[in-house]
Every structure is written in structure tokens, then in C-alpha cells.
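Q: One file: work.cif (mmCIF, N, CA and C atoms).
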```
data_model
loop_
_atom_site.label_atom_id
_atom_site.label_comp_id
_atom_site.auth_asym_id
_atom_site.auth_seq_id
_atom_site.Cartn_x
_atom_site.Cartn_y
_atom_site.Cartn_z
N MET A 1 27.71 -17.61 43.90
CA MET A 1 28.28 -16.29 44.16
C MET A 1 29.33 -16.42 45.25
N ASN A 2 30.58 -16.30 44.96
CA ASN A 2 31.61 -16.38 45.99
C ASN A 2 32.35 -15.06 46.16
N GLU A 3 31.86 -14.02 45.53
CA GLU A 3 32.43 -12.70 45.70
C GLU A 3 32.33 -12.31 47.17
N GLN A 4 33.45 -11.88 47.77
CA GLN A 4 33.41 -11.49 49.18
C GLN A 4 32.90 -10.05 49.27
N LEU A 5 31.77 -9.90 49.95
CA LEU A 5 31.16 -8.59 50.09
C LEU A 5 31.39 -8.08 51.51
N LYS A 6 31.53 -6.78 51.64
CA LYS A 6 31.78 -6.17 52.94
C LYS A 6 30.46 -5.75 53.57
N LEU A 7 30.17 -6.29 54.76
CA LEU A 7 28.97 -5.93 55.48
C LEU A 7 29.15 -4.56 56.12
N ILE A 8 28.19 -3.69 55.91
CA ILE A 8 28.21 -2.34 56.49
C ILE A 8 27.05 -2.25 57.47
N ASP A 9 27.35 -1.87 58.71
CA ASP A 9 26.32 -1.63 59.71
C ASP A 9 26.03 -0.14 59.69
N ASN A 10 24.97 0.24 58.98
CA ASN A 10 24.57 1.65 58.88
C ASN A 10 23.68 1.96 60.08
N LYS A 11 24.31 2.25 61.22
CA LYS A 11 23.58 2.45 62.48
C LYS A 11 22.59 3.61 62.37
N GLU A 12 22.99 4.66 61.66
CA GLU A 12 22.13 5.84 61.52
C GLU A 12 20.79 5.48 60.87
N ALA A 13 20.86 4.62 59.84
CA ALA A 13 19.65 4.21 59.11
C ALA A 13 19.00 2.97 59.74
N GLY A 14 19.71 2.32 60.68
CA GLY A 14 19.19 1.11 61.30
C GLY A 14 19.10 -0.04 60.31
N ARG A 15 20.18 -0.22 59.57
CA ARG A 15 20.17 -1.33 58.61
C ARG A 15 21.59 -1.80 58.30
N TYR A 16 21.66 -3.09 57.97
CA TYR A 16 22.89 -3.67 57.44
C TYR A 16 22.82 -3.56 55.92
N GLU A 17 23.98 -3.33 55.29
CA GLU A 17 24.00 -3.14 53.84
C GLU A 17 25.20 -3.83 53.21
N PHE A 18 25.04 -4.18 51.94
CA PHE A 18 26.13 -4.46 51.02
C PHE A 18 26.07 -3.35 49.98
N HIS A 19 27.19 -2.95 49.44
CA HIS A 19 27.20 -2.01 48.31
C HIS A 19 27.76 -2.77 47.11
N ILE A 20 26.90 -3.00 46.10
CA ILE A 20 27.27 -3.81 44.94
C ILE A 20 26.83 -3.11 43.66
N GLU A 21 27.78 -2.84 42.79
CA GLU A 21 27.46 -2.32 41.45
C GLU A 21 26.48 -1.15 41.50
N GLY A 22 26.62 -0.29 42.49
CA GLY A 22 25.75 0.87 42.61
C GLY A 22 24.41 0.58 43.29
N TYR A 23 24.19 -0.66 43.72
CA TYR A 23 22.94 -1.04 44.40
C TYR A 23 23.22 -1.31 45.88
N ILE A 24 22.17 -1.27 46.69
CA ILE A 24 22.33 -1.51 48.12
C ILE A 24 21.30 -2.54 48.62
N PRO A 25 21.67 -3.83 48.62
CA PRO A 25 20.85 -4.81 49.31
C PRO A 25 20.94 -4.51 50.82
N LEU A 26 19.84 -4.73 51.56
CA LEU A 26 19.84 -4.31 52.96
C LEU A 26 18.93 -5.17 53.81
N ILE A 27 19.18 -5.11 55.11
CA ILE A 27 18.29 -5.69 56.12
C ILE A 27 18.07 -4.61 57.18
N ASP A 28 16.80 -4.19 57.33
CA ASP A 28 16.44 -3.23 58.37
C ASP A 28 16.41 -3.92 59.72
N TYR A 29 16.87 -3.21 60.76
CA TYR A 29 16.85 -3.79 62.11
C TYR A 29 16.56 -2.73 63.16
N ARG A 30 16.16 -3.21 64.33
CA ARG A 30 16.05 -2.38 65.53
C ARG A 30 16.66 -3.19 66.66
N ILE A 31 17.38 -2.51 67.57
CA ILE A 31 17.96 -3.16 68.74
C ILE A 31 17.27 -2.60 69.98
N SER A 32 16.77 -3.52 70.83
CA SER A 32 16.10 -3.10 72.07
C SER A 32 17.15 -2.84 73.15
N ASP A 33 16.73 -2.16 74.21
CA ASP A 33 17.63 -1.85 75.32
C ASP A 33 18.13 -3.11 76.03
N ASP A 34 17.36 -4.21 75.92
CA ASP A 34 17.77 -5.42 76.63
C ASP A 34 18.51 -6.43 75.74
N GLY A 35 19.04 -5.97 74.60
CA GLY A 35 19.93 -6.80 73.80
C GLY A 35 19.26 -7.71 72.79
N ASP A 36 18.01 -7.40 72.42
CA ASP A 36 17.35 -8.13 71.34
C ASP A 36 17.53 -7.34 70.05
N ILE A 37 17.83 -8.05 68.96
CA ILE A 37 17.87 -7.39 67.65
C ILE A 37 16.74 -7.95 66.80
N TYR A 38 15.93 -7.06 66.30
CA TYR A 38 14.81 -7.42 65.45
C TYR A 38 15.22 -7.19 64.01
N LEU A 39 15.28 -8.27 63.23
CA LEU A 39 15.55 -8.13 61.79
C LEU A 39 14.18 -8.03 61.12
N ILE A 40 13.89 -6.86 60.57
CA ILE A 40 12.54 -6.50 60.17
C ILE A 40 12.25 -6.77 58.70
N HIS A 41 13.19 -6.42 57.85
CA HIS A 41 12.90 -6.46 56.40
C HIS A 41 14.20 -6.64 55.62
N THR A 42 14.16 -7.54 54.65
CA THR A 42 15.31 -7.74 53.75
C THR A 42 14.90 -7.27 52.36
N GLU A 43 15.80 -6.57 51.71
CA GLU A 43 15.52 -6.06 50.38
C GLU A 43 16.75 -6.24 49.48
N VAL A 44 16.54 -6.89 48.34
CA VAL A 44 17.60 -7.03 47.34
C VAL A 44 17.06 -6.42 46.05
N PRO A 45 17.76 -5.42 45.49
CA PRO A 45 17.29 -4.81 44.24
C PRO A 45 17.11 -5.85 43.14
N LEU A 46 16.10 -5.64 42.31
CA LEU A 46 15.77 -6.57 41.21
C LEU A 46 16.98 -6.93 40.36
N ALA A 47 17.83 -5.94 40.10
CA ALA A 47 18.99 -6.17 39.24
C ALA A 47 19.96 -7.19 39.82
N LEU A 48 19.88 -7.43 41.13
CA LEU A 48 20.81 -8.35 41.79
C LEU A 48 20.17 -9.68 42.17
N GLU A 49 18.89 -9.84 41.91
CA GLU A 49 18.20 -11.06 42.32
C GLU A 49 18.74 -12.29 41.60
N GLY A 50 18.62 -13.43 42.28
CA GLY A 50 19.02 -14.70 41.67
C GLY A 50 20.50 -14.98 41.76
N ARG A 51 21.24 -14.19 42.52
CA ARG A 51 22.69 -14.37 42.65
C ARG A 51 23.10 -14.82 44.04
N GLY A 52 22.13 -15.09 44.90
CA GLY A 52 22.44 -15.54 46.26
C GLY A 52 22.86 -14.43 47.20
N ILE A 53 22.65 -13.19 46.78
CA ILE A 53 23.11 -12.05 47.58
C ILE A 53 22.29 -11.92 48.86
N GLY A 54 20.98 -12.16 48.79
CA GLY A 54 20.15 -12.08 49.98
C GLY A 54 20.61 -13.07 51.04
N SER A 55 20.87 -14.30 50.62
CA SER A 55 21.34 -15.33 51.56
C SER A 55 22.70 -14.98 52.14
N GLN A 56 23.57 -14.46 51.30
CA GLN A 56 24.90 -14.07 51.77
C GLN A 56 24.79 -12.92 52.78
N LEU A 57 23.88 -11.98 52.51
CA LEU A 57 23.65 -10.86 53.42
C LEU A 57 23.15 -11.38 54.77
N VAL A 58 22.16 -12.28 54.75
CA VAL A 58 21.63 -12.83 56.01
C VAL A 58 22.73 -13.54 56.78
N LYS A 59 23.55 -14.34 56.10
CA LYS A 59 24.63 -15.07 56.79
C LYS A 59 25.61 -14.10 57.46
N GLU A 60 25.99 -13.05 56.76
CA GLU A 60 26.92 -12.06 57.33
C GLU A 60 26.29 -11.34 58.52
N VAL A 61 25.00 -11.00 58.40
CA VAL A 61 24.31 -10.32 59.50
C VAL A 61 24.22 -11.23 60.72
N LEU A 62 23.85 -12.50 60.51
CA LEU A 62 23.75 -13.44 61.63
C LEU A 62 25.11 -13.62 62.31
N THR A 63 26.17 -13.64 61.52
CA THR A 63 27.52 -13.75 62.08
C THR A 63 27.82 -12.55 62.97
N ASP A 64 27.42 -11.36 62.51
CA ASP A 64 27.64 -10.14 63.30
C ASP A 64 26.79 -10.16 64.57
N VAL A 65 25.54 -10.54 64.45
CA VAL A 65 24.63 -10.61 65.60
C VAL A 65 25.21 -11.55 66.66
N LYS A 66 25.68 -12.71 66.22
CA LYS A 66 26.26 -13.69 67.14
C LYS A 66 27.50 -13.12 67.82
N SER A 67 28.38 -12.49 67.05
CA SER A 67 29.63 -11.96 67.61
C SER A 67 29.37 -10.85 68.62
N ARG A 68 28.26 -10.15 68.48
CA ARG A 68 27.91 -9.06 69.40
C ARG A 68 27.10 -9.55 70.60
N GLY A 69 26.76 -10.84 70.62
CA GLY A 69 26.04 -11.40 71.75
C GLY A 69 24.59 -10.95 71.86
N LEU A 70 24.02 -10.53 70.73
CA LEU A 70 22.62 -10.10 70.73
C LEU A 70 21.71 -11.31 70.55
N ARG A 71 20.47 -11.20 71.05
CA ARG A 71 19.46 -12.24 70.83
C ARG A 71 18.63 -11.84 69.63
N LEU A 72 18.44 -12.76 68.72
CA LEU A 72 17.80 -12.49 67.44
C LEU A 72 16.29 -12.72 67.50
N ILE A 73 15.55 -11.77 66.95
CA ILE A 73 14.12 -11.94 66.74
C ILE A 73 13.89 -11.70 65.24
N PRO A 74 13.75 -12.79 64.47
CA PRO A 74 13.65 -12.66 63.00
C PRO A 74 12.21 -12.38 62.55
N LEU A 75 11.84 -11.12 62.44
CA LEU A 75 10.51 -10.74 61.99
C LEU A 75 10.38 -10.86 60.47
N CYS A 76 11.49 -10.75 59.78
CA CYS A 76 11.49 -10.82 58.31
C CYS A 76 11.33 -12.28 57.87
N PRO A 77 10.35 -12.56 57.00
CA PRO A 77 10.15 -13.94 56.52
C PRO A 77 11.37 -14.52 55.80
N PHE A 78 12.13 -13.70 55.10
CA PHE A 78 13.32 -14.18 54.39
C PHE A 78 14.37 -14.67 55.38
N VAL A 79 14.59 -13.88 56.45
CA VAL A 79 15.55 -14.27 57.49
C VAL A 79 15.08 -15.53 58.20
N ALA A 80 13.80 -15.58 58.55
CA ALA A 80 13.24 -16.76 59.22
C ALA A 80 13.40 -18.01 58.35
N GLY A 81 13.17 -17.86 57.04
CA GLY A 81 13.33 -18.97 56.11
C GLY A 81 14.78 -19.43 56.03
N TYR A 82 15.71 -18.48 56.05
CA TYR A 82 17.14 -18.82 56.02
C TYR A 82 17.50 -19.65 57.25
N ILE A 83 17.01 -19.22 58.42
CA ILE A 83 17.32 -19.92 59.66
C ILE A 83 16.71 -21.32 59.65
N LYS A 84 15.52 -21.45 59.06
CA LYS A 84 14.88 -22.77 58.95
C LYS A 84 15.74 -23.72 58.11
N LYS A 85 16.35 -23.18 57.04
CA LYS A 85 17.22 -24.00 56.17
C LYS A 85 18.60 -24.22 56.78
N HIS A 86 19.00 -23.37 57.71
CA HIS A 86 20.32 -23.44 58.35
C HIS A 86 20.12 -23.45 59.87
N PRO A 87 19.68 -24.59 60.42
CA PRO A 87 19.30 -24.65 61.84
C PRO A 87 20.43 -24.36 62.83
N GLU A 88 21.67 -24.35 62.36
CA GLU A 88 22.78 -24.03 63.26
C GLU A 88 22.64 -22.61 63.83
N TRP A 89 21.84 -21.75 63.18
CA TRP A 89 21.64 -20.38 63.66
C TRP A 89 20.55 -20.27 64.71
N ARG A 90 19.78 -21.34 64.94
CA ARG A 90 18.66 -21.27 65.89
C ARG A 90 19.11 -20.90 67.30
N LYS A 91 20.35 -21.22 67.64
CA LYS A 91 20.81 -20.97 69.01
C LYS A 91 20.91 -19.48 69.35
N ILE A 92 20.93 -18.58 68.35
CA ILE A 92 20.95 -17.15 68.65
C ILE A 92 19.57 -16.52 68.60
N VAL A 93 18.56 -17.33 68.24
CA VAL A 93 17.18 -16.82 68.18
C VAL A 93 16.61 -16.73 69.59
N SER A 94 16.04 -15.59 69.92
CA SER A 94 15.48 -15.37 71.26
C SER A 94 14.23 -16.20 71.46
#
```
Show the structure stored in the file as C-alpha cells.
A:
Amino acid sequence: MNEQLKLIDNKEAGRYEFHIEGYIPLIDYRISDDGDIYLIHTEVPLALEGRGIGSQLVKEVLTDVKSRGLRLIPLCPFVAGYIKKHPEWRKIVS
């Protein structure tokens, strides 16, 4: 999947989103007052599974987290698994 997707930070809902073909893959998050971001849950609609969209979403979110200087706490098993496979992201993990 090399389609460039636009990451949306839906602050009101507390989640990052992609909008694809009428579906919304997302990662729920919470940000603490001391600059920790908790990535809580990743969800990719069934119709979009198997296309690498979840991994692309995590990569875009981690890029945003890093650029904002937040410390990451990956509560979501999917995000934690992505970081395990891509250890270059460990440096932003709190």
C-alpha cells in the first residue's frame, strides 16, 4: 500500500484518523499534563484489513508524536508490536 493518506488529529474525539473510502481507521489517545501520550486502541475497519493501513497509521502517528516532543506510552498491543518490529521508534517511548 503506497497510497499517501492524510493523518487527521481529531482532538475533540481524542484520536488520530485516516479517512479512506468512507471508513475511518483510528488510534485513540490521551495526553497527560506532563507531556505523555497514551496510545490506547487501534481500529481498522474489516473492509480495509490486510492492506497495511494499520501499520501506516501507526507510523504516521509516531512521526507526529516525535515531532511534537511527546513521550509515548503504547498501551495498545498493535502499536507496541509495531515498535517491537521497528526499534528505531523506541527512543520516543517513555
Q: To test your reading of the syntax: which residues would the PyMOL selection byres (((chain A and resi 73 and name CA) around 8) and name CA) return for the file shown? Reply as a VMD selection string.
A: chain A and resid 36 to 39 71 to 72 74 to 75 93 to 94
Q: Counting all atoms listed in the file, figure out which residue out of A:Ile20, A:Ala80, A:Leu26, A:Val65 gets nearest to A:Thr42.
A: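 Among the listed residues, A:Leu26 lies closest to A:Thr42.
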Q: List every protein, DNA or RNA residue with an atom no more than 12 Å from (27.7, -2.1, 58.6) in the file's coordinates, counting only C-alpha atoms, and format the result as a PyMOL selection string.
A: chain A and resi 5-19+24-29+57+60-61+64-65
Q: Got a sec to tell me which of chain A DSSP assigns to helix (DSSP H, G or I), as a PyMOL selection string?
A: chain A and resi 46-48+53-67+77-85+87-92
Q: Please report the interatomic distance between atom CA of A:Cys76 and atom C of A:His41 in Å with one decimal.
A: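 According to the coordinates, atom CA of A:Cys76 and atom C of A:His41 are separated by 5.7 Å.
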Q: Please run DSSP on the backbone and report, as a list in words, all residues within chain A that come out as strand (DSSP E or B).
A: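 Residues meeting the strand (DSSP E or B) criterion: Ile8, Asp9, Asn10, Arg15, Tyr16, Glu17, Ile20, Tyr23, Leu26, Ile27, Asp28, Tyr29, Arg30, Ile31, Asp36, Ile37, Tyr38, Leu39, Ile40, His41, Thr42, Glu43, Arg71, Leu72, Ile73, Pro74 and Val93 of chain A.
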Q: So what does the PyMOL selection byres ((chain A and resi 54) around 8) actually pick up in this one, as a ChimeraX atom specification?
A: /A:25-26,42-44,48-53,55-60,78
Q: For atom CA of A:Glu21 and atom CA of A:Leu62, quote the distance in Å rounded to one decimal.
A: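 According to the coordinates, atom CA of A:Glu21 and atom CA of A:Leu62 are separated by 23.3 Å.
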Q: Rounded to one decimal, what separation in Å do you get between atom CA of A:Ser67 and atom CA of A:Gly22?
A: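 Value for the atom CA of A:Ser67-atom CA of A:Gly22 distance: 28.4 Å.
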Q: For stretch 85-90 of chain A, I'd like the enclosing box, axis-aligned and padded by 3 Å on every side, reported as lines of an AutoDock Vina configuration file with centre and edge lengths in Å to one decimal.
A:
```
center_x = 19.6
center_y = -22.5
center_z = 61.7
size_x = 12.4
size_y = 10.4
size_z = 17.1
```
Q: Where atoms are missing, can you supply N, CA, C and O atoms for stretch 43-55 of chain A and output the lot as a short mmCIF file (atom, residue, chain, number, x, y, z; two decimals), keeping the file's coordinate frame?
A:
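As written to disk, out_23.cif reads:
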```
data_model
loop_
_atom_site.label_atom_id
_atom_site.label_comp_id
_atom_site.auth_asym_id
_atom_site.auth_seq_id
_atom_site.Cartn_x
_atom_site.Cartn_y
_atom_site.Cartn_z
N GLU A 43 15.80 -6.57 51.71
CA GLU A 43 15.52 -6.06 50.38
C GLU A 43 16.75 -6.24 49.48
O GLU A 43 17.84 -5.81 49.84
N VAL A 44 16.54 -6.89 48.34
CA VAL A 44 17.60 -7.03 47.34
C VAL A 44 17.06 -6.42 46.05
O VAL A 44 16.01 -6.83 45.56
N PRO A 45 17.76 -5.42 45.49
CA PRO A 45 17.29 -4.81 44.24
C PRO A 45 17.11 -5.85 43.14
O PRO A 45 17.87 -6.81 43.05
N LEU A 46 16.10 -5.64 42.31
CA LEU A 46 15.77 -6.57 41.21
C LEU A 46 16.98 -6.93 40.36
O LEU A 46 17.16 -8.08 39.98
N ALA A 47 17.83 -5.94 40.10
CA ALA A 47 18.99 -6.17 39.24
C ALA A 47 19.96 -7.19 39.82
O ALA A 47 20.78 -7.75 39.10
N LEU A 48 19.88 -7.43 41.13
CA LEU A 48 20.81 -8.35 41.79
C LEU A 48 20.17 -9.68 42.17
O LEU A 48 20.85 -10.57 42.70
N GLU A 49 18.89 -9.84 41.91
CA GLU A 49 18.20 -11.06 42.32
C GLU A 49 18.74 -12.29 41.60
O GLU A 49 19.25 -12.20 40.49
N GLY A 50 18.62 -13.43 42.28
CA GLY A 50 19.02 -14.70 41.67
C GLY A 50 20.50 -14.98 41.76
O GLY A 50 20.99 -15.94 41.17
N ARG A 51 21.24 -14.19 42.52
CA ARG A 51 22.69 -14.37 42.65
C ARG A 51 23.10 -14.82 44.04
O ARG A 51 24.29 -14.88 44.36
N GLY A 52 22.13 -15.09 44.90
CA GLY A 52 22.44 -15.54 46.26
C GLY A 52 22.86 -14.43 47.20
O GLY A 52 23.35 -14.68 48.29
N ILE A 53 22.65 -13.19 46.78
CA ILE A 53 23.11 -12.05 47.58
C ILE A 53 22.29 -11.92 48.86
O ILE A 53 22.84 -11.64 49.93
N GLY A 54 20.98 -12.16 48.79
CA GLY A 54 20.15 -12.08 49.98
C GLY A 54 20.61 -13.07 51.04
O GLY A 54 20.75 -12.72 52.22
N SER A 55 20.87 -14.30 50.62
CA SER A 55 21.34 -15.33 51.56
C SER A 55 22.70 -14.98 52.14
O SER A 55 22.96 -15.18 53.33
#
```
